[in-house]
>>> print(open('target.txt').read())   # compact mmCIF, C-alpha atoms
# COMPACT_ATOMS: atom_id res chain seq x y z
CA MET A 1 -30.79 -33.49 27.61
CA SER A 2 -34.20 -33.13 26.06
CA PHE A 3 -37.18 -33.25 28.34
CA GLU A 4 -39.23 -36.42 28.32
CA PRO A 5 -42.54 -35.96 30.13
CA LYS A 6 -43.61 -38.50 32.69
CA ILE A 7 -47.31 -39.05 32.64
CA VAL A 8 -49.39 -41.09 35.02
CA ALA A 9 -52.65 -42.30 33.55
CA PHE A 10 -55.57 -43.72 35.47
CA LEU A 11 -57.68 -45.76 33.07
CA CYS A 12 -60.99 -47.31 33.90
CA ASN A 13 -61.27 -51.04 33.45
CA TRP A 14 -64.38 -51.02 31.27
CA CYS A 15 -63.75 -48.32 28.70
CA ALA A 16 -60.47 -46.40 28.67
CA TYR A 17 -58.22 -49.36 29.46
CA ALA A 18 -60.02 -51.43 26.82
CA GLY A 19 -59.58 -48.44 24.50
CA ALA A 20 -55.85 -48.49 25.18
CA ASP A 21 -55.85 -52.21 24.40
CA MET A 22 -57.68 -51.49 21.18
CA ALA A 23 -55.05 -48.91 20.24
CA GLY A 24 -52.41 -51.57 20.79
CA THR A 25 -54.11 -54.33 18.85
CA SER A 26 -54.83 -51.88 16.04
CA ARG A 27 -51.06 -51.21 15.82
CA LEU A 28 -51.57 -47.52 16.53
CA LYS A 29 -48.54 -45.63 17.75
CA TYR A 30 -48.50 -43.47 20.83
CA PRO A 31 -45.56 -42.31 22.93
CA GLY A 32 -44.32 -44.44 25.80
CA ASN A 33 -44.23 -41.54 28.26
CA MET A 34 -47.37 -42.75 29.90
CA VAL A 35 -47.58 -45.17 32.80
CA ALA A 36 -51.04 -46.68 32.84
CA ILE A 37 -52.71 -47.63 36.09
CA LYS A 38 -55.88 -49.64 35.74
CA VAL A 39 -58.71 -48.72 38.10
CA MET A 40 -62.14 -50.29 38.16
CA CYS A 41 -63.82 -46.97 37.50
CA SER A 42 -62.62 -43.45 36.86
CA GLY A 43 -64.70 -42.63 39.96
CA ARG A 44 -62.14 -44.61 41.93
CA VAL A 45 -59.56 -41.91 41.24
CA ASP A 46 -59.48 -40.03 44.50
CA PRO A 47 -58.19 -36.45 44.06
CA GLU A 48 -55.51 -37.51 46.51
CA PHE A 49 -54.14 -39.88 43.84
CA ILE A 50 -53.79 -36.95 41.47
CA LEU A 51 -51.94 -34.87 44.04
CA GLU A 52 -49.73 -37.78 44.99
CA ALA A 53 -48.85 -38.48 41.37
CA PHE A 54 -47.72 -34.86 41.02
CA GLU A 55 -45.85 -34.98 44.34
CA LYS A 56 -43.99 -38.07 43.24
CA GLY A 57 -42.81 -36.43 40.07
CA ALA A 58 -45.46 -36.79 37.36
CA ASP A 59 -45.40 -33.98 34.82
CA GLY A 60 -48.98 -34.69 33.84
CA VAL A 61 -51.89 -36.79 35.03
CA PHE A 62 -54.33 -38.33 32.60
CA ILE A 63 -57.66 -39.84 33.56
CA GLY A 64 -59.60 -41.94 31.12
CA GLY A 65 -63.20 -42.99 31.75
CA CYS A 66 -66.36 -44.09 30.01
CA HIS A 67 -68.44 -41.56 28.09
CA PRO A 68 -71.15 -39.80 30.13
CA GLY A 69 -74.11 -42.10 30.43
CA ASP A 70 -71.98 -45.19 29.77
CA CYS A 71 -70.38 -45.68 33.18
CA HIS A 72 -70.39 -49.31 34.18
CA TYR A 73 -71.28 -48.14 37.68
CA VAL A 74 -73.95 -45.67 36.47
CA ASN A 75 -72.49 -42.37 37.71
CA GLY A 76 -68.83 -42.82 38.66
CA ASN A 77 -67.62 -40.78 35.71
CA TYR A 78 -69.86 -37.82 36.62
CA ARG A 79 -68.16 -37.66 39.99
CA THR A 80 -64.79 -37.79 38.32
CA ARG A 81 -65.75 -34.95 36.01
CA ARG A 82 -66.67 -32.75 38.98
CA ARG A 83 -63.61 -33.75 40.98
CA VAL A 84 -61.32 -33.00 38.07
CA GLU A 85 -62.98 -29.63 37.57
CA MET A 86 -62.39 -28.76 41.23
CA MET A 87 -58.87 -30.16 41.18
CA LYS A 88 -58.04 -27.89 38.27
CA LYS A 89 -59.08 -24.89 40.32
CA LEU A 90 -56.99 -26.11 43.24
CA LEU A 91 -53.95 -26.77 41.06
CA GLU A 92 -54.20 -23.29 39.62
CA GLN A 93 -54.16 -21.77 43.11
CA MET A 94 -51.17 -23.95 44.00
CA GLY A 95 -49.30 -22.50 41.05
CA ILE A 96 -49.48 -25.61 38.88
CA ASN A 97 -50.79 -25.26 35.36
CA PRO A 98 -54.21 -26.97 35.37
CA ARG A 99 -53.55 -28.19 31.82
CA ARG A 100 -51.28 -30.79 33.40
CA LEU A 101 -54.44 -32.62 34.41
CA ARG A 102 -56.57 -34.03 31.63
CA LEU A 103 -59.78 -36.01 31.65
CA GLU A 104 -60.92 -37.80 28.51
CA TRP A 105 -63.76 -40.13 27.70
CA VAL A 106 -62.56 -43.13 25.71
CA SER A 107 -64.84 -46.05 24.93
CA ALA A 108 -63.61 -49.61 24.38
CA THR A 109 -63.83 -49.21 20.61
CA GLU A 110 -62.04 -45.86 20.45
CA GLY A 111 -58.45 -47.02 20.03
CA GLN A 112 -57.98 -44.20 17.52
CA LYS A 113 -59.16 -41.58 19.95
CA PHE A 114 -57.01 -43.00 22.72
CA ALA A 115 -53.85 -42.80 20.62
CA ARG A 116 -54.77 -39.28 19.48
CA VAL A 117 -55.47 -37.83 22.95
CA VAL A 118 -52.35 -39.40 24.44
CA ASN A 119 -50.27 -37.97 21.61
CA GLU A 120 -51.82 -34.55 22.13
CA PHE A 121 -51.33 -34.66 25.89
CA VAL A 122 -47.69 -35.75 25.69
CA GLU A 123 -47.01 -32.95 23.20
CA GLU A 124 -48.77 -30.44 25.41
CA ILE A 125 -46.77 -31.47 28.48
CA ARG A 126 -43.60 -31.34 26.44
CA ARG A 127 -44.43 -27.73 25.62
CA LEU A 128 -45.26 -26.93 29.25
CA GLY A 129 -41.95 -28.36 30.44
CA PRO A 130 -41.15 -30.22 33.65
CA SER A 131 -43.55 -30.02 36.57
CA PRO A 132 -42.57 -27.38 39.14
CA ILE A 133 -43.07 -29.80 42.02
CA LYS A 134 -39.93 -31.08 43.61
CA LYS A 135 -39.53 -34.70 42.78
CA GLU A 136 -39.41 -36.93 45.80
CA GLU A 137 -38.59 -40.06 43.90
CA ALA A 138 -38.47 -41.09 40.30
CA ILE A 139 -41.36 -43.04 38.92
CA MET B 1 -41.38 -31.50 92.08
CA LYS B 2 -43.30 -29.14 89.89
CA ARG B 3 -43.14 -29.73 86.18
CA LYS B 4 -41.48 -26.94 84.23
CA ILE B 5 -43.44 -25.66 81.29
CA ALA B 6 -42.84 -23.06 78.62
CA MET B 7 -45.18 -21.43 76.17
CA TYR B 8 -44.03 -19.56 73.11
CA TRP B 9 -45.82 -17.67 70.38
CA GLY B 10 -44.62 -17.84 66.85
CA ALA B 11 -46.64 -16.29 64.06
CA GLY B 12 -50.04 -16.36 65.67
CA CYS B 13 -52.78 -14.04 66.79
CA GLY B 14 -52.35 -14.45 70.55
CA GLY B 15 -55.59 -16.38 70.75
CA CYS B 16 -53.75 -19.54 71.75
CA ASP B 17 -52.17 -17.84 74.76
CA VAL B 18 -55.58 -16.58 75.77
CA SER B 19 -57.19 -19.97 75.19
CA LEU B 20 -55.34 -21.31 78.20
CA LEU B 21 -57.59 -19.07 80.29
CA GLY B 22 -60.58 -20.84 78.72
CA ILE B 23 -60.18 -23.73 81.12
CA HIS B 24 -61.28 -21.30 83.85
CA GLU B 25 -60.74 -22.34 87.47
CA LYS B 26 -58.96 -25.50 86.38
CA LEU B 27 -56.11 -23.21 85.48
CA LEU B 28 -55.50 -22.77 89.22
CA ASP B 29 -55.09 -26.53 89.65
CA LEU B 30 -52.76 -26.52 86.69
CA LEU B 31 -50.65 -23.75 88.14
CA ASP B 32 -50.29 -25.78 91.34
CA GLU B 33 -48.73 -28.56 89.34
CA VAL B 34 -46.44 -26.61 87.08
CA GLU B 35 -43.85 -23.92 87.15
CA ILE B 36 -43.77 -21.52 84.22
CA VAL B 37 -40.20 -20.97 83.09
CA PHE B 38 -40.84 -19.08 79.87
CA TRP B 39 -43.96 -17.44 78.47
CA PRO B 40 -43.36 -14.18 76.60
CA CYS B 41 -47.05 -13.28 76.53
CA ALA B 42 -47.50 -13.42 80.29
CA THR B 43 -44.18 -13.44 82.09
CA ASP B 44 -40.95 -11.52 81.86
CA PHE B 45 -38.25 -13.89 80.69
CA LYS B 46 -35.73 -13.19 77.98
CA TYR B 47 -34.31 -15.40 75.29
CA GLU B 48 -30.98 -15.35 77.14
CA ASP B 49 -32.68 -16.97 80.11
CA VAL B 50 -33.69 -19.87 77.89
CA GLU B 51 -30.25 -20.11 76.36
CA LYS B 52 -28.73 -20.46 79.83
CA MET B 53 -30.92 -23.46 80.65
CA GLU B 54 -29.43 -26.92 80.36
CA ASP B 55 -30.60 -29.02 77.44
CA GLY B 56 -33.81 -30.83 78.35
CA TYR B 57 -34.43 -28.53 81.33
CA ILE B 58 -38.01 -27.72 80.35
CA ASP B 59 -40.44 -30.61 80.76
CA ILE B 60 -43.06 -29.49 78.25
CA THR B 61 -42.97 -26.66 75.75
CA PHE B 62 -46.20 -25.50 74.16
CA TYR B 63 -45.38 -23.78 70.92
CA ASN B 64 -48.23 -21.82 69.38
CA GLY B 65 -48.16 -19.93 66.13
CA ALA B 66 -46.61 -20.83 62.82
CA ILE B 67 -43.03 -20.32 61.66
CA ARG B 68 -43.06 -17.14 59.62
CA THR B 69 -39.78 -15.38 60.44
CA GLU B 70 -36.21 -16.38 61.14
CA GLU B 71 -36.86 -15.57 64.78
CA ASN B 72 -39.77 -18.04 65.02
CA GLU B 73 -37.55 -20.73 63.54
CA GLU B 74 -34.58 -19.98 65.77
CA ILE B 75 -36.67 -20.05 68.94
CA ALA B 76 -38.39 -23.26 67.85
CA LYS B 77 -34.99 -24.92 67.51
CA LEU B 78 -33.77 -23.45 70.79
CA LEU B 79 -36.85 -24.60 72.69
CA ARG B 80 -36.65 -28.02 71.10
CA ARG B 81 -33.15 -28.41 72.49
CA LYS B 82 -34.16 -27.25 75.94
CA SER B 83 -37.35 -29.33 76.19
CA LYS B 84 -38.13 -32.95 76.87
CA ILE B 85 -41.51 -32.75 75.16
CA MET B 86 -42.39 -30.36 72.38
CA VAL B 87 -46.06 -29.77 71.78
CA ALA B 88 -47.52 -28.00 68.76
CA TYR B 89 -50.27 -25.95 70.38
CA GLY B 90 -53.16 -24.91 68.20
CA SER B 91 -53.80 -24.94 64.50
CA CYS B 92 -50.96 -22.57 63.47
CA ALA B 93 -48.21 -24.68 64.97
CA THR B 94 -49.87 -27.91 63.86
CA GLU B 95 -50.95 -27.07 60.31
CA GLY B 96 -50.16 -23.43 59.57
CA CYS B 97 -53.73 -22.18 60.03
CA VAL B 98 -54.95 -19.05 58.25
CA ILE B 99 -51.42 -17.68 58.38
CA GLY B 100 -50.44 -20.57 56.12
CA LEU B 101 -52.78 -19.21 53.42
CA ALA B 102 -49.92 -16.81 52.71
CA ASN B 103 -48.26 -19.76 50.96
CA LEU B 104 -50.71 -19.26 48.11
CA TYR B 105 -48.74 -16.09 47.30
CA ASP B 106 -45.09 -15.15 46.83
CA ARG B 107 -43.12 -13.48 49.57
CA GLU B 108 -42.64 -10.37 47.42
CA GLU B 109 -46.35 -10.20 46.58
CA ILE B 110 -47.15 -10.21 50.28
CA LEU B 111 -44.61 -7.54 51.23
CA ASN B 112 -45.74 -5.34 48.36
CA ALA B 113 -49.38 -5.76 49.27
CA VAL B 114 -48.76 -4.87 52.89
CA TYR B 115 -46.26 -2.03 52.57
CA LEU B 116 -46.48 -0.57 49.09
CA ASN B 117 -49.91 -1.14 47.60
CA ASN B 118 -52.00 -0.76 50.70
CA GLU B 119 -54.15 2.35 50.46
CA THR B 120 -54.45 2.75 54.18
CA THR B 121 -50.69 2.64 54.75
CA PRO B 122 -49.07 5.85 53.50
CA ASN B 123 -45.51 4.94 52.61
CA GLU B 124 -44.06 7.70 50.45
CA LYS B 125 -40.49 6.54 50.83
CA LYS B 126 -41.46 3.03 49.76
CA ILE B 127 -39.85 1.44 52.76
CA ILE B 128 -40.20 -2.26 53.34
CA PRO B 129 -38.92 -2.97 56.84
CA ARG B 130 -36.57 -5.88 56.51
CA GLY B 131 -32.92 -6.81 56.76
CA LYS B 132 -30.24 -5.08 58.69
CA GLY B 133 -30.61 -1.44 59.61
CA GLU B 134 -28.08 0.81 61.30
CA GLU B 135 -29.18 0.00 64.80
CA VAL B 136 -31.35 -3.06 64.60
CA LYS B 137 -31.57 -6.17 62.50
CA LEU B 138 -35.03 -7.46 61.72
CA PRO B 139 -35.51 -11.20 61.53
CA GLU B 140 -35.95 -12.21 57.89
CA PHE B 141 -39.42 -12.94 56.59
CA LEU B 142 -39.13 -16.56 55.41
CA PRO B 143 -40.10 -17.47 51.84
CA ALA B 144 -43.01 -19.56 53.14
CA VAL B 145 -44.95 -20.26 56.32
CA LYS B 146 -43.90 -23.50 57.96
CA THR B 147 -45.58 -25.64 60.54
CA LEU B 148 -43.65 -26.51 63.67
CA GLU B 149 -43.25 -30.08 62.52
CA GLN B 150 -41.55 -28.92 59.33
CA VAL B 151 -38.83 -27.33 61.47
CA VAL B 152 -38.32 -29.48 64.56
CA LYS B 153 -39.43 -32.86 65.87
CA VAL B 154 -42.85 -32.55 67.49
CA ASP B 155 -44.00 -35.03 70.13
CA ALA B 156 -47.69 -34.15 70.28
CA SER B 157 -50.15 -31.74 68.75
CA ILE B 158 -53.18 -30.03 70.24
CA PRO B 159 -55.50 -29.03 67.38
CA GLY B 160 -57.98 -26.18 67.16
CA CYS B 161 -58.01 -22.48 66.45
CA PRO B 162 -57.56 -21.91 69.32
CA PRO B 163 -57.82 -25.30 71.07
CA PRO B 164 -61.35 -25.48 72.53
CA ALA B 165 -61.49 -25.84 76.31
CA PRO B 166 -62.56 -29.52 76.42
CA VAL B 167 -59.81 -30.49 73.97
CA LEU B 168 -57.25 -28.48 75.87
CA GLU B 169 -58.25 -29.86 79.24
CA GLU B 170 -57.98 -33.45 78.03
CA ALA B 171 -54.67 -32.77 76.36
CA LEU B 172 -53.14 -31.03 79.39
CA ASN B 173 -54.23 -33.81 81.72
CA ALA B 174 -52.77 -36.43 79.42
CA LEU B 175 -49.49 -34.59 78.88
CA LEU B 176 -48.96 -33.93 82.58
CA GLU B 177 -49.47 -37.64 83.19
CA GLY B 178 -46.92 -38.36 80.50
CA ARG B 179 -49.41 -39.66 77.96
CA MET B 180 -49.64 -38.59 74.33
CA ASP B 181 -52.93 -40.30 73.51
CA PHE B 182 -55.61 -37.68 73.61
CA GLY B 183 -58.25 -36.36 71.27
CA LYS B 184 -61.13 -37.98 69.49
CA GLU B 185 -60.87 -40.27 66.51
CA VAL B 186 -64.18 -39.39 64.90
CA ALA B 187 -65.42 -36.55 62.70
CA LEU B 188 -67.21 -33.48 63.94
CA CYS B 189 -70.56 -34.68 62.51
CA ASP B 190 -70.53 -37.30 65.24
CA GLU B 191 -71.00 -34.69 67.96
CA CYS B 192 -72.65 -31.94 65.96
CA PRO B 193 -75.92 -30.69 67.49
CA ARG B 194 -77.43 -30.81 63.98
CA LYS B 195 -76.50 -34.48 63.57
CA ASP B 196 -80.07 -35.79 63.54
CA THR B 197 -81.05 -33.56 60.64
CA LYS B 198 -78.37 -34.98 58.35
CA PRO B 199 -80.16 -36.89 55.59
CA ASP B 200 -78.89 -40.29 54.46
CA LYS B 201 -78.14 -38.90 51.06
CA ILE B 202 -77.16 -35.30 50.44
CA VAL B 203 -77.57 -33.81 46.99
CA ILE B 204 -76.58 -30.23 46.28
CA ASP B 205 -77.72 -28.25 43.27
CA ARG B 206 -76.13 -24.93 44.23
CA PHE B 207 -73.85 -23.61 46.92
CA TYR B 208 -74.75 -20.86 49.33
CA ARG B 209 -72.29 -18.88 51.37
CA TRP B 210 -73.53 -18.75 54.88
CA HIS B 211 -74.67 -15.15 54.72
CA GLU B 212 -76.67 -15.80 51.56
CA LYS B 213 -79.30 -18.00 53.08
CA GLU B 214 -81.31 -18.04 56.25
CA ASP B 215 -80.21 -20.94 58.39
CA ASP B 216 -83.11 -23.31 59.11
CA GLY B 217 -81.22 -25.10 61.87
CA SER B 218 -80.62 -28.32 59.94
CA CYS B 219 -77.41 -29.88 58.62
CA PHE B 220 -75.47 -27.23 56.71
CA LEU B 221 -74.49 -29.53 53.88
CA ALA B 222 -78.11 -30.46 53.33
CA GLN B 223 -78.82 -26.72 53.09
CA GLY B 224 -76.18 -26.35 50.39
CA MET B 225 -73.59 -24.63 52.55
CA ILE B 226 -70.08 -26.04 52.62
CA CYS B 227 -69.41 -27.39 56.09
CA MET B 228 -66.10 -29.10 56.76
CA GLY B 229 -67.61 -31.23 59.53
CA PRO B 230 -67.32 -34.62 57.79
CA ALA B 231 -63.57 -34.17 57.28
CA THR B 232 -62.77 -32.47 60.58
CA ARG B 233 -61.75 -34.00 63.87
CA ALA B 234 -64.32 -33.90 66.65
CA GLY B 235 -63.59 -32.38 70.04
CA CYS B 236 -65.00 -28.86 70.00
CA GLY B 237 -68.56 -30.10 70.47
CA GLY B 238 -69.72 -28.18 67.42
CA GLU B 239 -69.10 -24.68 68.77
CA CYS B 240 -69.54 -23.07 65.37
CA THR B 241 -72.36 -25.24 64.06
CA SER B 242 -74.39 -24.61 67.22
CA ALA B 243 -73.83 -20.87 66.77
CA GLY B 244 -75.15 -20.95 63.21
CA ILE B 245 -71.88 -21.04 61.32
CA PRO B 246 -70.68 -23.99 59.24
CA CYS B 247 -67.46 -25.71 60.32
CA THR B 248 -64.37 -24.45 58.51
CA GLY B 249 -62.13 -27.25 59.75
CA CYS B 250 -59.84 -25.73 62.39
CA MET B 251 -59.48 -29.01 64.27
CA GLY B 252 -57.66 -30.54 61.33
CA PRO B 253 -58.18 -33.98 59.87
CA VAL B 254 -59.48 -37.00 61.71
CA PRO B 255 -56.43 -39.07 62.78
CA LYS B 256 -55.41 -41.52 60.05
CA VAL B 257 -56.59 -39.11 57.35
CA LYS B 258 -53.61 -37.50 55.68
CA ASN B 259 -55.13 -34.69 53.75
CA GLN B 260 -58.25 -33.01 55.09
CA GLY B 261 -58.72 -30.57 52.24
CA ILE B 262 -58.61 -33.05 49.42
CA ALA B 263 -60.86 -35.47 51.30
CA MET B 264 -63.49 -32.74 51.59
CA LEU B 265 -62.99 -31.56 48.02
CA SER B 266 -63.67 -35.09 46.87
CA ALA B 267 -66.73 -35.41 49.09
CA ILE B 268 -68.20 -32.09 47.96
CA ALA B 269 -67.66 -32.97 44.30
CA SER B 270 -69.50 -36.24 44.91
CA ILE B 271 -72.63 -34.74 46.39
CA ILE B 272 -73.28 -32.26 43.60
CA GLU B 273 -76.30 -33.42 41.63
CA ASN B 274 -75.69 -35.19 38.31
CA MET B 275 -76.43 -32.65 35.61
CA ASP B 276 -75.17 -31.40 32.29
CA GLU B 277 -71.60 -30.20 32.04
CA GLU B 278 -72.32 -26.49 31.63
CA LYS B 279 -74.50 -26.26 34.70
CA GLU B 280 -72.05 -28.35 36.66
CA ARG B 281 -69.19 -26.05 35.78
CA ALA B 282 -71.20 -23.00 36.86
CA ILE B 283 -71.85 -24.55 40.27
CA ILE B 284 -68.19 -25.42 40.79
CA GLU B 285 -67.27 -21.95 39.58
CA SER B 286 -69.42 -20.56 42.40
CA ILE B 287 -66.85 -21.84 44.89
CA ASN B 288 -64.61 -18.87 44.36
CA ASP B 289 -61.68 -19.93 46.43
CA VAL B 290 -61.15 -23.68 46.40
CA ALA B 291 -57.85 -23.62 48.30
CA GLY B 292 -59.21 -21.14 50.85
CA THR B 293 -62.35 -23.20 51.39
CA PHE B 294 -60.82 -26.63 51.77
CA TYR B 295 -57.38 -25.68 53.02
CA LYS B 296 -58.26 -22.73 55.24
CA PHE B 297 -56.17 -24.21 58.04
CA SER B 298 -53.75 -26.48 56.23
CA ALA B 299 -52.38 -24.57 53.24
CA ALA B 300 -48.92 -24.64 54.82
CA LYS B 301 -49.08 -28.42 54.74
CA LEU B 302 -50.30 -28.43 51.15
CA LEU B 303 -47.60 -26.02 50.01
CA PRO B 304 -44.69 -26.40 52.46
CA GLU B 305 -42.37 -24.41 50.27
CA GLY B 306 -44.90 -21.91 49.09
CA ARG B 307 -46.69 -21.56 45.81
CA PHE B 308 -45.21 -23.41 42.85
CA LYS B 309 -44.05 -21.56 39.80
CA ASP B 310 -45.09 -23.28 36.64
CA GLU B 311 -43.03 -21.48 34.04
CA SER B 312 -45.46 -22.07 31.22
>>> encode(input="target.txt", output="structure tokens")
Amino acid sequence: MSFEPKIVAFLCNWCAYAGADMAGTSRLKYPGNMVAIKVMCSGRVDPEFILEAFEKGADGVFIGGCHPGDCHYVNGNYRTRRRVEMMKKLLEQMGINPRRLRLEWVSATEGQKFARVVNEFVEEIRRLGPSPIKKEEAI
Amino acid sequence: MKRKIAMYWGAGCGGCDVSLLGIHEKLLDLLDEVEIVFWPCATDFKYEDVEKMEDGYIDITFYNGAIRTEENEEIAKLLRRKSKIMVAYGSCATEGCVIGLANLYDREEILNAVYLNNETTPNEKKIIPRGKGEEVKLPEFLPAVKTLEQVVKVDASIPGCPPPAPVLEEALNALLEGRMDFGKEVALCDECPRKDTKPDKIVIDRFYRWHEKEDDGSCFLAQGMICMGPATRAGCGGECTSAGIPCTGCMGPVPKVKNQGIAMLSAIASIIENMDEEKERAIIESINDVAGTFYKFSAAKLLPEGRFKDES
């Protein structure tokens, strides 16, 4: 059976989620491997969520937030950027390819960009193969 | 009737056994109340003696040290069967401690590093002592370090590396009275002697390792040194912070917090100053060992089966 990546995406309410909506209303295609979870701000994504997503069987975790300087809550996305950077270092030490975690800035008008980065990420995870973490339960 | 207690050491440094002496003269009161039926570090009992005991014969077993070898695991299971209450004593048994950091490497990498590639260990015949020899069989070195709880049911845990005297005293009193509710529910900052110097808002623009900067006696985080205090359970009274060393988190997480390391990682990432991406990356890069910094005592909980192998 061919491998279909499972991707958990945390999208911020103000930009990335609206960007995903824009991709939909613009009839842009992107793979259905991604489960989107709406959060009020990408800064709401506790690193624990990322770890838990991997523990529960995600092959990749995607975080979408507002562009730097555009955060609805002023600096939530800066925190996310630093947390993701540190998480990547931690994942690498745990033996998980840090490329399985991706942070992208998508504004509400960037439906095109959203579809493009999701396509890229799904393809990348497909190349990387299934996550090495034992799957506790299927998503 | 005197309560029967046992103490065992798994993969540990022996500090836990010694820590019992840290309660000083109270130890004499303790010894009046209990009878030691098994304690390899201090008394001469054999495993056979334990095997001969009836199930549930021992009232309380204090297991210190992590599970590193087959022997540690076997004795943990044996003692569990023979004991009414099983207590994980100290950080190794509770969370894996520094021994658990071995889970960041493969078993083979570790054995090679210790026996083959170690300059100070001449080993011309390239012998790795393991498996069954002609006369003796060595207990197998398990693929990963485990905490006691990952092997047997644990009734209570006493945190700390080793458990500080006040924590230990409270725990022993509670356990001998048949209670399991001991330990504080707040973070170390709450009892830290540097508490009053903690600013309302901490902003860090570079990290210092504690030997890189002269300590001015104020809150370590405010000085730019990583201190695990905010994510670590109180109880030790700030032994390290009052001696000029930032907390590294041996007391484990505050109860109700699942993952101490990630909580602190998140907090540290939050207090770095907002700046451009390049500079930010350089600062984060200066934390050389993220897992070792935030999971110094709980790597065995983070990686219960050892390091993952991402094929790509």
>>> interface_residues(input="target.txt", of="chain A", to="chain B", cutoff="8 Å", atoms="only C-alpha atoms", output="PDB file with C-alpha atoms, keeping the file's coordinate frame")
ATOM      1  CA  ASP A  46     -59.480 -40.030  44.500  1.00  0.00           C
ATOM      2  CA  PRO A  47     -58.190 -36.450  44.060  1.00  0.00           C
ATOM      3  CA  GLU A  48     -55.510 -37.510  46.510  1.00  0.00           C
ATOM      4  CA  ASN A  75     -72.490 -42.370  37.710  1.00  0.00           C
ATOM      5  CA  TYR A  78     -69.860 -37.820  36.620  1.00  0.00           C
ATOM      6  CA  ARG A  79     -68.160 -37.660  39.990  1.00  0.00           C
ATOM      7  CA  ARG A  82     -66.670 -32.750  38.980  1.00  0.00           C
ATOM      8  CA  ARG A  83     -63.610 -33.750  40.980  1.00  0.00           C
ATOM      9  CA  GLU A  85     -62.980 -29.630  37.570  1.00  0.00           C
ATOM     10  CA  MET A  86     -62.390 -28.760  41.230  1.00  0.00           C
ATOM     11  CA  LYS A  89     -59.080 -24.890  40.320  1.00  0.00           C
ATOM     12  CA  LEU A  90     -56.990 -26.110  43.240  1.00  0.00           C
ATOM     13  CA  GLN A  93     -54.160 -21.770  43.110  1.00  0.00           C
ATOM     14  CA  MET A  94     -51.170 -23.950  44.000  1.00  0.00           C
ATOM     15  CA  GLY A  95     -49.300 -22.500  41.050  1.00  0.00           C
ATOM     16  CA  ILE A  96     -49.480 -25.610  38.880  1.00  0.00           C
ATOM     17  CA  ASN A  97     -50.790 -25.260  35.360  1.00  0.00           C
ATOM     18  CA  LEU A 128     -45.260 -26.930  29.250  1.00  0.00           C
ATOM     19  CA  GLY A 129     -41.950 -28.360  30.440  1.00  0.00           C
ATOM     20  CA  SER A 131     -43.550 -30.020  36.570  1.00  0.00           C
ATOM     21  CA  PRO A 132     -42.570 -27.380  39.140  1.00  0.00           C
ATOM     22  CA  ILE A 133     -43.070 -29.800  42.020  1.00  0.00           C
TER      23      ILE A 133
END
>>> residues_around(input="target.txt", residues="Ala115 in chain A", least_positions_apart="4", cutoff="8 Å", atoms="only C-alpha atoms", output="PyMOL selection string")
chain A and resi 20+23+28-30+111+119
>>> residues_around(input="target.txt", residues="range 191-199 of chain B", least_positions_apart="2", cutoff="7 Å", atoms="all atoms listed in the file", output="JSON list (two decimals) with C-alpha atoms, in the coordinates of the input")
[["chain", "number", "residue", "atom", "x", "y", "z"],
["B", 188, "LEU", "CA", -67.21, -33.48, 63.94],
["B", 189, "CYS", "CA", -70.56, -34.68, 62.51],
["B", 201, "LYS", "CA", -78.14, -38.90, 51.06],
["B", 202, "ILE", "CA", -77.16, -35.30, 50.44],
["B", 218, "SER", "CA", -80.62, -28.32, 59.94],
["B", 219, "CYS", "CA", -77.41, -29.88, 58.62],
["B", 222, "ALA", "CA", -78.11, -30.46, 53.33],
["B", 234, "ALA", "CA", -64.32, -33.90, 66.65],
["B", 237, "GLY", "CA", -68.56, -30.10, 70.47],
["B", 238, "GLY", "CA", -69.72, -28.18, 67.42],
["B", 241, "THR", "CA", -72.36, -25.24, 64.06],
["B", 242, "SER", "CA", -74.39, -24.61, 67.22]]
>>> residues_near_point(input="target.txt", point="(-31.2, -26.1, 74.0)", cutoff="12 Å", atoms="all atoms listed in the file", output="short mmCIF file (atom, residue, chain, number, x, y, z; two decimals) with C-alpha atoms, keeping the file's coordinate frame")
data_model
loop_
_atom_site.label_atom_id
_atom_site.label_comp_id
_atom_site.auth_asym_id
_atom_site.auth_seq_id
_atom_site.Cartn_x
_atom_site.Cartn_y
_atom_site.Cartn_z
CA TYR B 47 -34.31 -15.40 75.29
CA GLU B 48 -30.98 -15.35 77.14
CA ASP B 49 -32.68 -16.97 80.11
CA VAL B 50 -33.69 -19.87 77.89
CA GLU B 51 -30.25 -20.11 76.36
CA LYS B 52 -28.73 -20.46 79.83
CA MET B 53 -30.92 -23.46 80.65
CA GLU B 54 -29.43 -26.92 80.36
CA ASP B 55 -30.60 -29.02 77.44
CA GLY B 56 -33.81 -30.83 78.35
CA TYR B 57 -34.43 -28.53 81.33
CA ILE B 58 -38.01 -27.72 80.35
CA THR B 61 -42.97 -26.66 75.75
CA GLU B 74 -34.58 -19.98 65.77
CA ILE B 75 -36.67 -20.05 68.94
CA ALA B 76 -38.39 -23.26 67.85
CA LYS B 77 -34.99 -24.92 67.51
CA LEU B 78 -33.77 -23.45 70.79
CA LEU B 79 -36.85 -24.60 72.69
CA ARG B 80 -36.65 -28.02 71.10
CA ARG B 81 -33.15 -28.41 72.49
CA LYS B 82 -34.16 -27.25 75.94
CA SER B 83 -37.35 -29.33 76.19
CA LYS B 84 -38.13 -32.95 76.87
#
>>> closest_residue(input="target.txt", among="B:Ala66, B:Leu172, B:Ile158, B:Ile127", to="Glu33 in chain B", atoms="only C-alpha atoms")
B:Leu172
>>> atom_distance(input="target.txt", atom1="CA of Leu27 in chain B", atom2="CA of Ala174 in chain B")
14.9 Å
